[in-house]
Structures are given as C-alpha cells and as structure tokens.
Amino acid sequence: MNVAVFGATGVVGRALVPLLAEHELTAVSRTARDEPGARWVVADAASGDGVAAAVEGADVVYYLVHSLGARSVVTGTPAAAMIVGKGSAAFETILGLVKRLPVMVTPSWVSTPTQPIALDDVARYLAGVCGNEATYGEGYDTGGPEVMTYRQMIERIAALLGRKPVIVEVPVLTPYLSSLWLNLVTPVSASVARPLVEGLRNPTIAREERIRKLLPLELTPFDEAARRALA
C-alpha cells in the first residue's frame with residue numbers, strides 16, 4: 001500500500017513513520033531529507049507547493065500539520081487534549097513551568113478536565129487504521145486511560161521530578177497575559193502558548209470510544225508516558 005505522511009518530521013510524524021515500514025512510504029517535509037525507511041519529498045502544505053506530487057499514487061494520506069504559531073492562519077479555539085511525549089508543545093510547556101517555578105499563579109481553568117494520551121499510543125492508533133476499510137469515512141476520538149485536570153498533570157509531572165510546586169489559581173489572567181507569561185518561563189513561544197492556554201477553557205475528554213473497540217490497545221498510563229518523555 002502506498003502511504004504519504006505530511007508532517008513526517010513533527011512530533012507525531014516521527015513516532016508514526018517507523019510503524020509504517022511495511023508500506024511503500026512517502027515522508028513529506030518542508031525541507032529536503034535523506035533518511036532510511038521512506039522516500040522523502042519536499043512539499044509545503046500551506047502554499048500547496050509540491051503537494052500534488054507528494055500524494056500522487058497514494059492510497060492513504062496522513063495530514064499531521066498544525067498551524068500553532070502561524071501568523072498567517074486564523075484558527076478557532078483548539079479542543080484537543082495533550083499528547084504526552086518529548087517535543088509536544090503542551091507537554092514541554094508544563095515541563096517548563098515545573099522546572100522553573102516553585103510557585104505558580106495560574107488561570108482558574110487549569111482545573112478543567114482533560115484526557116492526555118501518550119505519544120506512542122497516538123502513533124499506534126494512526127498506524128492501526130492504515131488501510132482498515134472499517135475506518136473509511138469515519139472520525140474517532142482518542143484519549144488516554146485517565147481523566148485529570150491540568151493542575152493534576154502539573155503536580156504529577158512535578159512528583160516525577162521530585163518537586164512540589166505551590167499552585168495558586170486566579171480568575172484574572174487572560175489568555176493573552178498567560179501566553180506572555182509562558183513565553184518568559186517556558187521554551188514555548190507566545191504565539192504557540194496562546195492557543196494552548198485558550199484550549200484550557202474547554203473540557204477535552206473523548207466523547208466516544210469506538211476506536212478502543214476497533215483497536216483494543218493497552219493504553220499507557222500517564223505517569224509512564226511522562227517518564228518516557230522525560231528520559
């Protein structure tokens with residue numbers, strides 16, 4: 001089967017590409033690459049340059065390109081839970097807070113429930129639906145095995161690092177002010193931090209679990225996923 005992966009050099013793309021080794025794989029990125037396991041081509045999903053050539057002959061196409069931090073793209077409020085893995089913007093933001101701040105003043109919506117999922121599990125789900133006709137024309141929610149708040153995630157990552165930050169929730173921090181603050185104390189830029197912060201307002205819990213019946217994977221507990229990301 002011919003498979004094309006856009007965003008092959010991103011966090012999810014890098015985890016997915018090795019799982020598709022049995023297929024004729026085209027890995028798509030904005031810059032030239034020459035790595036084993038795939039045919040690498042250059043294309044820009046934003047401008048459209050090279051896209052037609054990249055998908056020519058493809059039976060399955062993965063689109064793993066996001067617009068966080070892109071000034072030219074207008075997006076709505078995101079409603080996606082955190083992917084727990086090294087390089088994940090949301091995970092790196094929380095990790096940066098834990099490492100740098102013994103006392104955190106946070107927006108009150110850090111108490112919003114969410115359902116983080118391990119990077120490895122996201123990649124396994126994506127690989128598992130490749131060529132599976134039962135999934136054609138369908139959309140699925142994916143989530144990890146635990147529901148928690150962002151505050152609980154902060155506290156559990158802190159515990160893995162042997163830290164115990166003091167967290168003070170206040171109702172006056174706007175997404176804009178929060179993004180500027182995160183830009184100062186985490187490796188994530190303000191343009192990326194703002195949509196992440198805005199997403200905290202919305203519960204991000206899987207609305208249905210059909211994917212778990214279709215692909216009955218043993219999901220990775222949050223603490224184990226965080227340990228792998230920290231390793």
# chains A, B, ... in the order shown; residues from 1 in each chain; ligands from 1
call {"tool": "closest_atom_pairs", "arguments": {"of": "range 139-162 of chain A", "to": "range 124-135 of chain A", "cutoff": "10 Å", "atoms": "only C-alpha atoms", "output": "CSV"}}
result
residue,atom,partner,partner_atom,distance
A:Gly139,CA,A:Thr135,CA,7.8
A:Tyr140,CA,A:Thr135,CA,8.8
A:Thr142,CA,A:Tyr125,CA,8.3
call {"tool": "residues_around", "arguments": {"residues": "Gly144 in chain A", "least_positions_apart": "6", "cutoff": "12 Å", "atoms": "only C-alpha atoms", "output": "ChimeraX atom specification"}}
result
/A:81-84,114-122,125,204-206,209,211-212,217-225
call {"tool": "closest_residue", "arguments": {"among": "A:Leu161, A:Leu215, A:Leu19, A:Val11", "to": "Gly87 in chain A", "atoms": "only C-alpha atoms"}}
result
A:Val11
call {"tool": "select_by_dssp", "arguments": {"residues": "range 22-227 of chain A", "states": "helix (DSSP H, G or I)", "output": "count of residues only"}}
result
77
call {"tool": "select_by_dssp", "arguments": {"residues": "range 84-179 of chain A", "states": "strand (DSSP E)", "output": "list in words"}}
result
Val84, Val103, Met104, Val105, Thr106, Pro107, Pro113, Thr114, Ile117, Ala118, Met148, Thr149, Val166, Ile167, Val168, Glu169 and Val170 of chain A
call {"tool": "closest_residue", "arguments": {"among": "A:Leu16, A:Met104, A:Ile157, A:Ala45", "to": "Leu230 in chain A", "atoms": "only C-alpha atoms"}}
result
A:Ile157
call {"tool": "closest_residue", "arguments": {"among": "A:Val41, A:Leu160, A:Ala8, A:Val166", "to": "Val103 in chain A", "atoms": "only C-alpha atoms"}}
result
A:Val166
call {"tool": "residues_around", "arguments": {"residues": "Arg151 in chain A", "least_positions_apart": "3", "cutoff": "9 Å", "atoms": "only C-alpha atoms", "output": "list in words"}}
result
Val110, Ser111, Thr112, Met148, Ile154, Glu155, Arg156 and Ile167 of chain A
call {"tool": "residues_around", "arguments": {"residues": "Gly10 in chain A", "least_positions_apart": "2", "cutoff": "10 Å", "atoms": "only C-alpha atoms", "output": "list in words"}}
result
Phe6, Gly7, Ala8, Val12, Gly13, Arg14, Ala15, Leu16, Ser29, Leu64, Val65, His66, Gly87 and Ser88 of chain A
call {"tool": "residues_around", "arguments": {"residues": "Thr31 in chain A", "least_positions_apart": "4", "cutoff": "10 Å", "atoms": "only C-alpha atoms", "output": "ChimeraX atom specification"}}
result
/A:9,40-44
call {"tool": "write_last_selection", "arguments": {"atoms": "N, CA and C atoms", "output": "short mmCIF file (atom, residue, chain, number, x, y, z; two decimals), in the first residue's frame"}}
result
data_model
loop_
_atom_site.label_atom_id
_atom_site.label_comp_id
_atom_site.auth_asym_id
_atom_site.auth_seq_id
_atom_site.Cartn_x
_atom_site.Cartn_y
_atom_site.Cartn_z
N THR A 9 8.33 15.04 9.97
CA THR A 9 9.41 15.40 10.88
C THR A 9 8.87 15.99 12.19
N TRP A 40 11.66 10.43 0.77
CA TRP A 40 11.42 11.77 1.29
C TRP A 40 11.22 12.76 0.14
N VAL A 41 10.14 13.54 0.25
CA VAL A 41 9.87 14.56 -0.75
C VAL A 41 9.60 15.88 -0.04
N VAL A 42 9.82 16.97 -0.78
CA VAL A 42 9.61 18.32 -0.23
C VAL A 42 8.27 18.85 -0.72
N ALA A 43 7.46 19.34 0.22
CA ALA A 43 6.18 19.97 -0.12
C ALA A 43 5.81 20.92 1.01
N ASP A 44 5.03 21.93 0.69
CA ASP A 44 4.57 22.91 1.67
C ASP A 44 3.05 22.90 1.69
#
call {"tool": "residues_around", "arguments": {"residues": "Ala54 in chain A", "least_positions_apart": "2", "cutoff": "9 Å", "atoms": "only C-alpha atoms", "output": "list in words"}}
result
Ala4, Phe6, Thr26, Ala27, Val28, Val41, Val42, Ala43, Gly50, Val51, Ala52, Glu56, Gly57 and Ala58 of chain A
call {"tool": "write_last_selection", "arguments": {"atoms": "N, CA and C atoms", "output": "CSV table (one decimal), in the first residue's frame"}}
result
chain,number,residue,atom,x,y,z
A,4,ALA,N,1.4,8.3,2.2
A,4,ALA,CA,2.1,9.5,2.3
A,4,ALA,C,1.8,10.1,3.7
A,6,PHE,N,2.3,13.7,5.7
A,6,PHE,CA,2.7,15.1,5.8
A,6,PHE,C,3.0,15.4,7.3
A,26,THR,N,5.9,7.4,1.6
A,26,THR,CA,6.4,8.7,1.2
A,26,THR,C,6.4,9.7,2.4
A,27,ALA,N,7.5,10.2,2.9
A,27,ALA,CA,7.5,11.1,4.0
A,27,ALA,C,7.7,12.5,3.5
A,28,VAL,N,6.8,13.4,3.9
A,28,VAL,CA,6.7,14.7,3.3
A,28,VAL,C,7.1,15.7,4.4
A,41,VAL,N,10.1,13.5,0.2
A,41,VAL,CA,9.9,14.6,-0.8
A,41,VAL,C,9.6,15.9,0.0
A,42,VAL,N,9.8,17.0,-0.8
A,42,VAL,CA,9.6,18.3,-0.2
A,42,VAL,C,8.3,18.9,-0.7
A,43,ALA,N,7.5,19.3,0.2
A,43,ALA,CA,6.2,20.0,-0.1
A,43,ALA,C,5.8,20.9,1.0
A,50,GLY,N,4.3,21.5,-4.3
A,50,GLY,CA,4.7,20.1,-4.2
A,50,GLY,C,3.7,19.1,-3.6
A,51,VAL,N,2.5,19.6,-3.2
A,51,VAL,CA,1.6,18.7,-2.6
A,51,VAL,C,1.0,17.7,-3.6
A,52,ALA,N,0.7,18.1,-4.8
A,52,ALA,CA,0.1,17.2,-5.7
A,52,ALA,C,1.1,16.0,-6.0
A,56,GLU,N,0.6,11.8,-5.2
A,56,GLU,CA,0.3,11.1,-6.4
A,56,GLU,C,0.5,9.6,-6.2
A,57,GLY,N,-0.5,8.8,-6.5
A,57,GLY,CA,-0.4,7.4,-6.3
A,57,GLY,C,-0.6,6.9,-4.9
A,58,ALA,N,-0.9,7.8,-3.9
A,58,ALA,CA,-1.1,7.4,-2.5
A,58,ALA,C,-2.4,6.8,-2.3
call {"tool": "atom_distance", "arguments": {"atom1": "CA of Ile94 in chain A", "atom2": "CA of Ala158 in chain A"}}
result
9.3 Å
